[in-house]
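Colleague: I'd like to ask some things about the structure below.
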Protein chains: 4
Amino acid sequence: MSAESNGEEDLRPARRPEVAGAIRVRVRYCECDPMGVAHHAAYVPWLEMGRTELLRSSGVSYAQLEASGVFLVIVKLGMSYRRPVLYDDVVEVRTRVAKAGRVKIEHEYEVVLVEREVGSLTGRLAGMAASAGIGEVLASGMTVLASVDAGGNVCGLPEWLVGS
Amino acid sequence: MSAESNGEEDLRPARRPEVAGAIRVRVRYCECDPMGVAHHAAYVPWLEMGRTELLRSSGVSYAQLEASGVFLVIVKLGMSYRRPVLYDDVVEVRTRVAKAGRVKIEHEYEVVLVEREVGSLTGRLAGMAASAGIGEVLASGMTVLASVDAGGNVCGLPEWLVGS
Amino acid sequence: MSAESNGEEDLRPARRPEVAGAIRVRVRYCECDPMGVAHHAAYVPWLEMGRTELLRSSGVSYAQLEASGVFLVIVKLGMSYRRPVLYDDVVEVRTRVAKAGRVKIEHEYEVVLVEREVGSLTGRLAGMAASAGIGEVLASGMTVLASVDAGGNVCGLPEWLVGS
Amino acid sequence: MSAESNGEEDLRPARRPEVAGAIRVRVRYCECDPMGVAHHAAYVPWLEMGRTELLRSSGVSYAQLEASGVFLVIVKLGMSYRRPVLYDDVVEVRTRVAKAGRVKIEHEYEVVLVEREVGSLTGRLAGMAASAGIGEVLASGMTVLASVDAGGNVCGLPEWLVGS
């Protein structure tokens, strides 16, 4: 099923999106909790940002996809938290497409430490965080998204998005 | 291992916490996204609120548990989203202890629709939401928490919390 | 200008909304930051909840207002933070209509401490928080909202909302 | 009063922080509400990020400042919202120090549109947003922060931070 049949606009991506990519996020103060670490809910938007930038590599943004009448709604989320992410850390969110079907797409994610000030290791749980090294995977996750139209009915993913 | 050995304070809960309980949450405007539905990250704090109120049924709050030197950190999160939760819906978060070991505790959750204004079904994805009935499970989830001390080292859950 | 002229639906509120009201909010863990206090951005949704419940006292919800084609967008926000609000505190948000014109409505808010566990006063900044008493105003705020239609053009507030 | 007298650690910034600076933020999906625009609470962390990066220009991060025993707590916040910021917009947050006293520091902020996909202008309130041009100030704000020590008692701002 093509994007054309889903919406008012025929998206013409410059290329197929990459199957893997990475973004960097600096942890915000408001994303951290009284333990001094990123709250576990704060990771969820990072994954969303990861898959959004992966899609953008096709030349089509998620905003344009919605404007064309295709909405990606989440049906499943899984997270494993190995070590705390601290305030002001820079993490890399590595995203890859694990599986893509007719209406569902599954992504896998790793949250990797890329920058940490040692001077900031004074909060609670500092011991737990202290031994993490640059390049270490601090958390991993997966999501399954389904494609629906503006009325909320399941529709096919655009074929340029998932391959033939 | 008792709470006494973990902290400065010997917590004396009035009773063992309930193994299951429920709270009600009215969905905030800021928890909803451009689709007009609760963003999938917004559910994560609801689960946390559910297990917090379950703990409070023991007469000891999570705030007191932290003050005594015991921190519950999340190691695993899983969510299944079946139907959208809409702005201004009232949902019930049903929480139960699924498993409790020496250092880890697993909870299961259901997010159930308990109140919805039909007049509000005008947003995007309205079709997807329209058919949900009162009492329907809109989403379910699970978490695994581990008990650590103020230094971030794994410690035993207080025995009054998990049973002997 | 009546609600009728703004949308598809003629709202018939049971009564004029109250000019003042109060809601209670228990502070969520994820709303608190590494200082162990509610992050200053977390108060903003509480104000929104306060004015939403005030509107609901008319028998018409904000969701229904939007469904009728009237959107209230914020144009101004002011907050004064006097003393920290702590994790697990229960605060009362007292909201009142300060001014209502043809297209703008101004609200004033007080965030008042109504419940605090003394056992939780162990975090950072505990000294700052310790002396707050039940019934004390911890923060105050104001907002100005303007009424726009679905296209984003300024329109009159429904007259039942603001009085003649 | 020097930083030395406030904490365990004597911070030696490489230079005085800049009095003005700018950061860029891409608006996250979860920061937007059912109107399809950035929720007004979402701007508040952007301001915090703006002043954090300004501080970092001194060679000392806010995380290090806290580690040295100096905490900046907010006492006042003001925001004016002129035109909506949309999902996936890139905005520039321009921050400058407006006033710096012995214990308080005041910042002023402008949120300026720097990148917007025209293809995404299909949501509600699109008309309101459509006429905004690149370089336009969409919102402005101010904050006042006060310096406190780990016990929550007012203390002097480090002199390298505010000038002599």
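Residue numbers start at 1 in each chain; chains themselves are named A, B, ... in the order of the structure tokens; ligands are numbered from 1 in the order shown.
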Would you give me, as a ChimeraX atom specification, the residues of chain B that come within 9 Å of chain A, using only C-alpha atoms?

Modeller: /B:35,40-45,71,73-83,124-129,148-154

Colleague: Counting only C-alpha atoms, what is within 8 Å of segment 25-31 of chain B, bar same-chain residues fewer than 3 positions away, as a list of chain:residue names?

Modeller: B:Ala38, B:His39, B:Ala42, B:Trp46, B:Leu86, B:Tyr87, B:Asp88, B:Asp89, B:Val90, B:Val91, B:Glu92, B:Val93, C:Pro45, C:Met49, D:Cys30, D:Glu31, D:Cys32, D:Asp33, D:Pro34, D:His39, D:Ala41

Colleague: For the selection you just gave me, I'd like the residues written to a file as a tab-separated table (two decimals), in the first residue's frame, keeping N, CA and C atoms.

Modeller:
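Output (part-v7.tsv):
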```tsv
chain	number	residue	atom	x	y	z
B	38	ALA	N	-3.21	10.47	25.22
B	38	ALA	CA	-2.12	10.46	26.17
B	38	ALA	C	-0.85	9.93	25.49
B	39	HIS	N	0.23	10.67	25.60
B	39	HIS	CA	1.51	10.23	25.04
B	39	HIS	C	1.96	8.97	25.76
B	42	ALA	N	3.58	9.15	29.12
B	42	ALA	CA	2.79	9.65	30.26
B	42	ALA	C	2.27	8.53	31.15
B	46	TRP	N	2.17	7.01	35.84
B	46	TRP	CA	0.94	6.46	36.44
B	46	TRP	C	1.24	5.12	37.12
B	86	LEU	N	-7.65	9.13	26.22
B	86	LEU	CA	-7.88	10.49	25.72
B	86	LEU	C	-7.70	11.53	26.82
B	87	TYR	N	-7.45	12.75	26.41
B	87	TYR	CA	-7.44	13.89	27.32
B	87	TYR	C	-8.73	13.90	28.14
B	88	ASP	N	-8.60	14.11	29.42
B	88	ASP	CA	-9.71	14.28	30.36
B	88	ASP	C	-10.39	12.96	30.74
B	89	ASP	N	-9.96	11.85	30.14
B	89	ASP	CA	-10.42	10.54	30.61
B	89	ASP	C	-10.03	10.37	32.07
B	90	VAL	N	-10.83	9.63	32.81
B	90	VAL	CA	-10.37	9.14	34.11
B	90	VAL	C	-10.06	7.66	33.94
B	91	VAL	N	-8.83	7.29	34.28
B	91	VAL	CA	-8.45	5.88	34.20
B	91	VAL	C	-8.12	5.35	35.60
B	92	GLU	N	-8.33	4.06	35.76
B	92	GLU	CA	-7.95	3.41	37.01
B	92	GLU	C	-6.69	2.59	36.72
B	93	VAL	N	-5.68	2.80	37.55
B	93	VAL	CA	-4.45	2.01	37.41
B	93	VAL	C	-4.50	0.93	38.47
C	45	PRO	N	1.59	22.61	34.93
C	45	PRO	CA	0.39	21.79	34.73
C	45	PRO	C	-0.59	21.83	35.91
C	49	MET	N	-4.56	22.40	35.65
C	49	MET	CA	-5.57	21.52	36.26
C	49	MET	C	-6.53	22.35	37.12
D	30	CYS	N	6.51	14.70	22.31
D	30	CYS	CA	5.89	14.63	23.64
D	30	CYS	C	5.80	16.00	24.30
D	31	GLU	N	6.45	17.01	23.75
D	31	GLU	CA	6.35	18.37	24.28
D	31	GLU	C	5.14	19.11	23.72
D	32	CYS	N	4.46	18.47	22.76
D	32	CYS	CA	3.33	19.12	22.10
D	32	CYS	C	2.02	18.56	22.62
D	33	ASP	N	0.99	19.37	22.54
D	33	ASP	CA	-0.29	19.02	23.14
D	33	ASP	C	-1.34	18.79	22.05
D	34	PRO	N	-2.58	18.52	22.44
D	34	PRO	CA	-3.60	18.22	21.43
D	34	PRO	C	-3.84	19.35	20.42
D	39	HIS	N	3.40	22.60	24.29
D	39	HIS	CA	2.65	22.96	25.51
D	39	HIS	C	3.42	24.06	26.24
D	41	ALA	N	4.14	24.59	29.22
D	41	ALA	CA	5.09	24.15	30.26
D	41	ALA	C	6.40	23.66	29.64
```

Colleague: When you look at Gly135 of chain C with a cut-off of 7 Å (counting only C-alpha atoms), what residues show up, excluding the ones that are within fewer than 3 positions of it in the same chain? I need them as a count of residues only.

Modeller: 3

Colleague: Need the shell around segment 20-23 of chain D: protein/DNA/RNA residues with any atom at most 8 Å away, counting only C-alpha atoms. Skip same-chain ones fewer than 3 positions apart. Format as a ChimeraX atom specification?

Modeller: /D:49-50,53-54,92-97

Colleague: Going by DSSP on the backbone, which bits of chain B are helix (DSSP H, G or I)? Write them as a PyMOL selection string, please.

Modeller: chain B and resi 3-5+29-31+40-56+62-67+118-120+126-130+159-162

Colleague: Write the selection just made, keeping C-alpha atoms, as a PDB file, in the first residue's frame?

Modeller:
```
ATOM      1  CA  ALA B   3      15.355  -2.210  56.916  1.00  0.00           C
ATOM      2  CA  GLU B   4      17.319  -1.538  60.084  1.00  0.00           C
ATOM      3  CA  SER B   5      20.549  -2.642  58.524  1.00  0.00           C
ATOM      4  CA  TYR B  29      -3.796  18.193  28.888  1.00  0.00           C
ATOM      5  CA  CYS B  30      -0.005  18.325  28.965  1.00  0.00           C
ATOM      6  CA  GLU B  31       0.129  14.505  29.040  1.00  0.00           C
ATOM      7  CA  HIS B  40       2.948   6.773  25.663  1.00  0.00           C
ATOM      8  CA  ALA B  41       5.556   8.165  28.076  1.00  0.00           C
ATOM      9  CA  ALA B  42       2.793   9.647  30.258  1.00  0.00           C
ATOM     10  CA  TYR B  43       1.653   6.204  31.377  1.00  0.00           C
ATOM     11  CA  VAL B  44       4.998   5.473  33.047  1.00  0.00           C
ATOM     12  CA  PRO B  45       4.467   7.871  35.995  1.00  0.00           C
ATOM     13  CA  TRP B  46       0.940   6.464  36.438  1.00  0.00           C
ATOM     14  CA  LEU B  47       2.436   3.028  37.107  1.00  0.00           C
ATOM     15  CA  GLU B  48       4.841   4.584  39.582  1.00  0.00           C
ATOM     16  CA  MET B  49       1.914   6.262  41.344  1.00  0.00           C
ATOM     17  CA  GLY B  50       0.096   2.931  41.422  1.00  0.00           C
ATOM     18  CA  ARG B  51       2.919   1.069  43.155  1.00  0.00           C
ATOM     19  CA  THR B  52       3.583   4.036  45.473  1.00  0.00           C
ATOM     20  CA  GLU B  53       0.019   3.966  46.775  1.00  0.00           C
ATOM     21  CA  LEU B  54       0.230   0.184  47.165  1.00  0.00           C
ATOM     22  CA  LEU B  55       3.287   0.631  49.385  1.00  0.00           C
ATOM     23  CA  ARG B  56       1.533   3.369  51.365  1.00  0.00           C
ATOM     24  CA  TYR B  62       8.137   5.480  49.634  1.00  0.00           C
ATOM     25  CA  ALA B  63       9.465   8.839  50.872  1.00  0.00           C
ATOM     26  CA  GLN B  64       9.999   7.251  54.287  1.00  0.00           C
ATOM     27  CA  LEU B  65      11.588   4.196  52.714  1.00  0.00           C
ATOM     28  CA  GLU B  66      14.151   6.449  50.986  1.00  0.00           C
ATOM     29  CA  ALA B  67      14.656   8.388  54.226  1.00  0.00           C
ATOM     30  CA  VAL B 118     -18.478  11.439  24.664  1.00  0.00           C
ATOM     31  CA  GLY B 119     -18.475  15.106  23.687  1.00  0.00           C
ATOM     32  CA  SER B 120     -14.694  15.060  23.615  1.00  0.00           C
ATOM     33  CA  ALA B 126     -11.339   9.420  17.390  1.00  0.00           C
ATOM     34  CA  GLY B 127     -12.428   6.291  15.546  1.00  0.00           C
ATOM     35  CA  MET B 128      -9.766   4.264  17.300  1.00  0.00           C
ATOM     36  CA  ALA B 129     -10.897   5.509  20.687  1.00  0.00           C
ATOM     37  CA  ALA B 130     -14.633   5.602  20.120  1.00  0.00           C
ATOM     38  CA  GLU B 159      11.306  -8.170  54.847  1.00  0.00           C
ATOM     39  CA  TRP B 160       8.032  -6.579  55.942  1.00  0.00           C
ATOM     40  CA  LEU B 161       7.697  -5.387  52.350  1.00  0.00           C
ATOM     41  CA  VAL B 162       8.028  -8.722  50.620  1.00  0.00           C
TER      42      VAL B 162
END
```

Colleague: Considering only strand (DSSP E) as DSSP defines it on the backbone, what residues of segment 45-140 of chain D qualify? List them as a VMD selection string.

Modeller: chain D and resid 71 to 81 90 to 100 104 to 115 137 to 140

Colleague: Those selected residues, please, written with N, CA and C atoms and delivered as a compact mmCIF listing (two decimals), in the first residue's frame.

Modeller:
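Final file, part-v5.txt:
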```
# COMPACT_ATOMS: atom_id res chain seq x y z
N PHE D 71 23.65 25.82 45.08
CA PHE D 71 22.45 25.45 44.35
C PHE D 71 21.74 26.72 43.91
N LEU D 72 21.32 26.75 42.65
CA LEU D 72 20.55 27.89 42.19
C LEU D 72 19.08 27.50 42.15
N VAL D 73 18.28 28.12 43.01
CA VAL D 73 16.86 27.80 43.05
C VAL D 73 16.06 28.95 42.44
N ILE D 74 14.99 28.60 41.77
CA ILE D 74 14.22 29.63 41.08
C ILE D 74 13.27 30.31 42.06
N VAL D 75 13.17 31.63 41.96
CA VAL D 75 12.22 32.34 42.79
C VAL D 75 11.15 33.04 41.96
N LYS D 76 11.44 33.26 40.68
CA LYS D 76 10.47 33.96 39.84
C LYS D 76 10.60 33.49 38.40
N LEU D 77 9.47 33.39 37.73
CA LEU D 77 9.43 32.99 36.32
C LEU D 77 8.36 33.82 35.63
N GLY D 78 8.67 34.34 34.46
CA GLY D 78 7.67 35.04 33.66
C GLY D 78 7.80 34.62 32.21
N MET D 79 6.67 34.39 31.56
CA MET D 79 6.68 33.99 30.14
C MET D 79 5.62 34.77 29.37
N SER D 80 5.97 35.19 28.16
CA SER D 80 4.98 35.73 27.22
C SER D 80 5.00 34.87 25.98
N TYR D 81 3.85 34.39 25.60
CA TYR D 81 3.73 33.51 24.44
C TYR D 81 3.08 34.31 23.31
N VAL D 90 12.64 23.88 14.89
CA VAL D 90 13.87 24.15 15.63
C VAL D 90 13.80 25.59 16.10
N VAL D 91 13.95 25.77 17.41
CA VAL D 91 13.96 27.13 17.95
C VAL D 91 15.32 27.43 18.57
N GLU D 92 15.65 28.70 18.57
CA GLU D 92 16.87 29.14 19.24
C GLU D 92 16.45 29.83 20.53
N VAL D 93 17.05 29.42 21.63
CA VAL D 93 16.77 30.08 22.90
C VAL D 93 17.93 31.02 23.19
N ARG D 94 17.65 32.32 23.12
CA ARG D 94 18.67 33.33 23.36
C ARG D 94 18.57 33.78 24.81
N THR D 95 19.64 33.63 25.53
CA THR D 95 19.65 33.89 26.97
C THR D 95 20.65 34.99 27.27
N ARG D 96 20.27 35.92 28.15
CA ARG D 96 21.27 36.89 28.60
C ARG D 96 21.06 37.21 30.08
N VAL D 97 22.14 37.52 30.74
CA VAL D 97 22.06 37.94 32.13
C VAL D 97 21.58 39.38 32.15
N ALA D 98 20.44 39.60 32.80
CA ALA D 98 19.87 40.95 32.84
C ALA D 98 20.34 41.71 34.08
N LYS D 99 20.58 40.98 35.16
CA LYS D 99 20.96 41.60 36.42
C LYS D 99 21.62 40.54 37.28
N ALA D 100 22.65 40.91 38.03
CA ALA D 100 23.26 39.94 38.95
C ALA D 100 23.62 40.67 40.23
N LYS D 104 21.16 36.94 43.99
CA LYS D 104 20.18 36.66 42.94
C LYS D 104 20.74 37.00 41.57
N ILE D 105 20.27 36.23 40.59
CA ILE D 105 20.67 36.49 39.21
C ILE D 105 19.43 36.42 38.33
N GLU D 106 19.29 37.42 37.47
CA GLU D 106 18.11 37.49 36.61
C GLU D 106 18.53 37.28 35.15
N HIS D 107 17.80 36.40 34.48
CA HIS D 107 18.05 36.14 33.06
C HIS D 107 16.85 36.54 32.23
N GLU D 108 17.10 36.93 31.00
CA GLU D 108 16.03 37.17 30.03
C GLU D 108 16.24 36.25 28.83
N TYR D 109 15.15 35.86 28.21
CA TYR D 109 15.19 34.84 27.16
C TYR D 109 14.29 35.22 25.99
N GLU D 110 14.72 34.84 24.81
CA GLU D 110 13.85 34.91 23.64
C GLU D 110 13.87 33.55 22.95
N VAL D 111 12.70 33.10 22.53
CA VAL D 111 12.57 31.84 21.79
C VAL D 111 12.29 32.22 20.34
N VAL D 112 13.25 31.93 19.48
CA VAL D 112 13.21 32.42 18.11
C VAL D 112 13.09 31.24 17.14
N LEU D 113 12.22 31.38 16.16
CA LEU D 113 12.05 30.32 15.16
C LEU D 113 13.25 30.29 14.22
N VAL D 114 13.88 29.13 14.08
CA VAL D 114 14.99 29.05 13.12
C VAL D 114 14.77 28.01 12.02
N GLU D 115 13.84 27.06 12.23
CA GLU D 115 13.59 26.07 11.19
C GLU D 115 12.17 25.53 11.33
N VAL D 137 10.60 36.22 16.96
CA VAL D 137 10.54 35.86 18.38
C VAL D 137 9.15 35.33 18.67
N LEU D 138 9.05 34.04 19.00
CA LEU D 138 7.75 33.41 19.24
C LEU D 138 7.33 33.54 20.70
N ALA D 139 8.31 33.65 21.57
CA ALA D 139 8.01 33.77 23.01
C ALA D 139 9.20 34.43 23.69
N SER D 140 8.94 35.03 24.84
CA SER D 140 10.03 35.60 25.62
C SER D 140 9.78 35.29 27.08
```

Colleague: Please measure the separation of atom CA of Val19 of chain D and atom CA of Ser58 of chain D, giving the value in Å to one decimal.

Modeller: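 Atom-to-atom, atom CA of Val19 of chain D and atom CA of Ser58 of chain D are spaced 10.2 Å apart.
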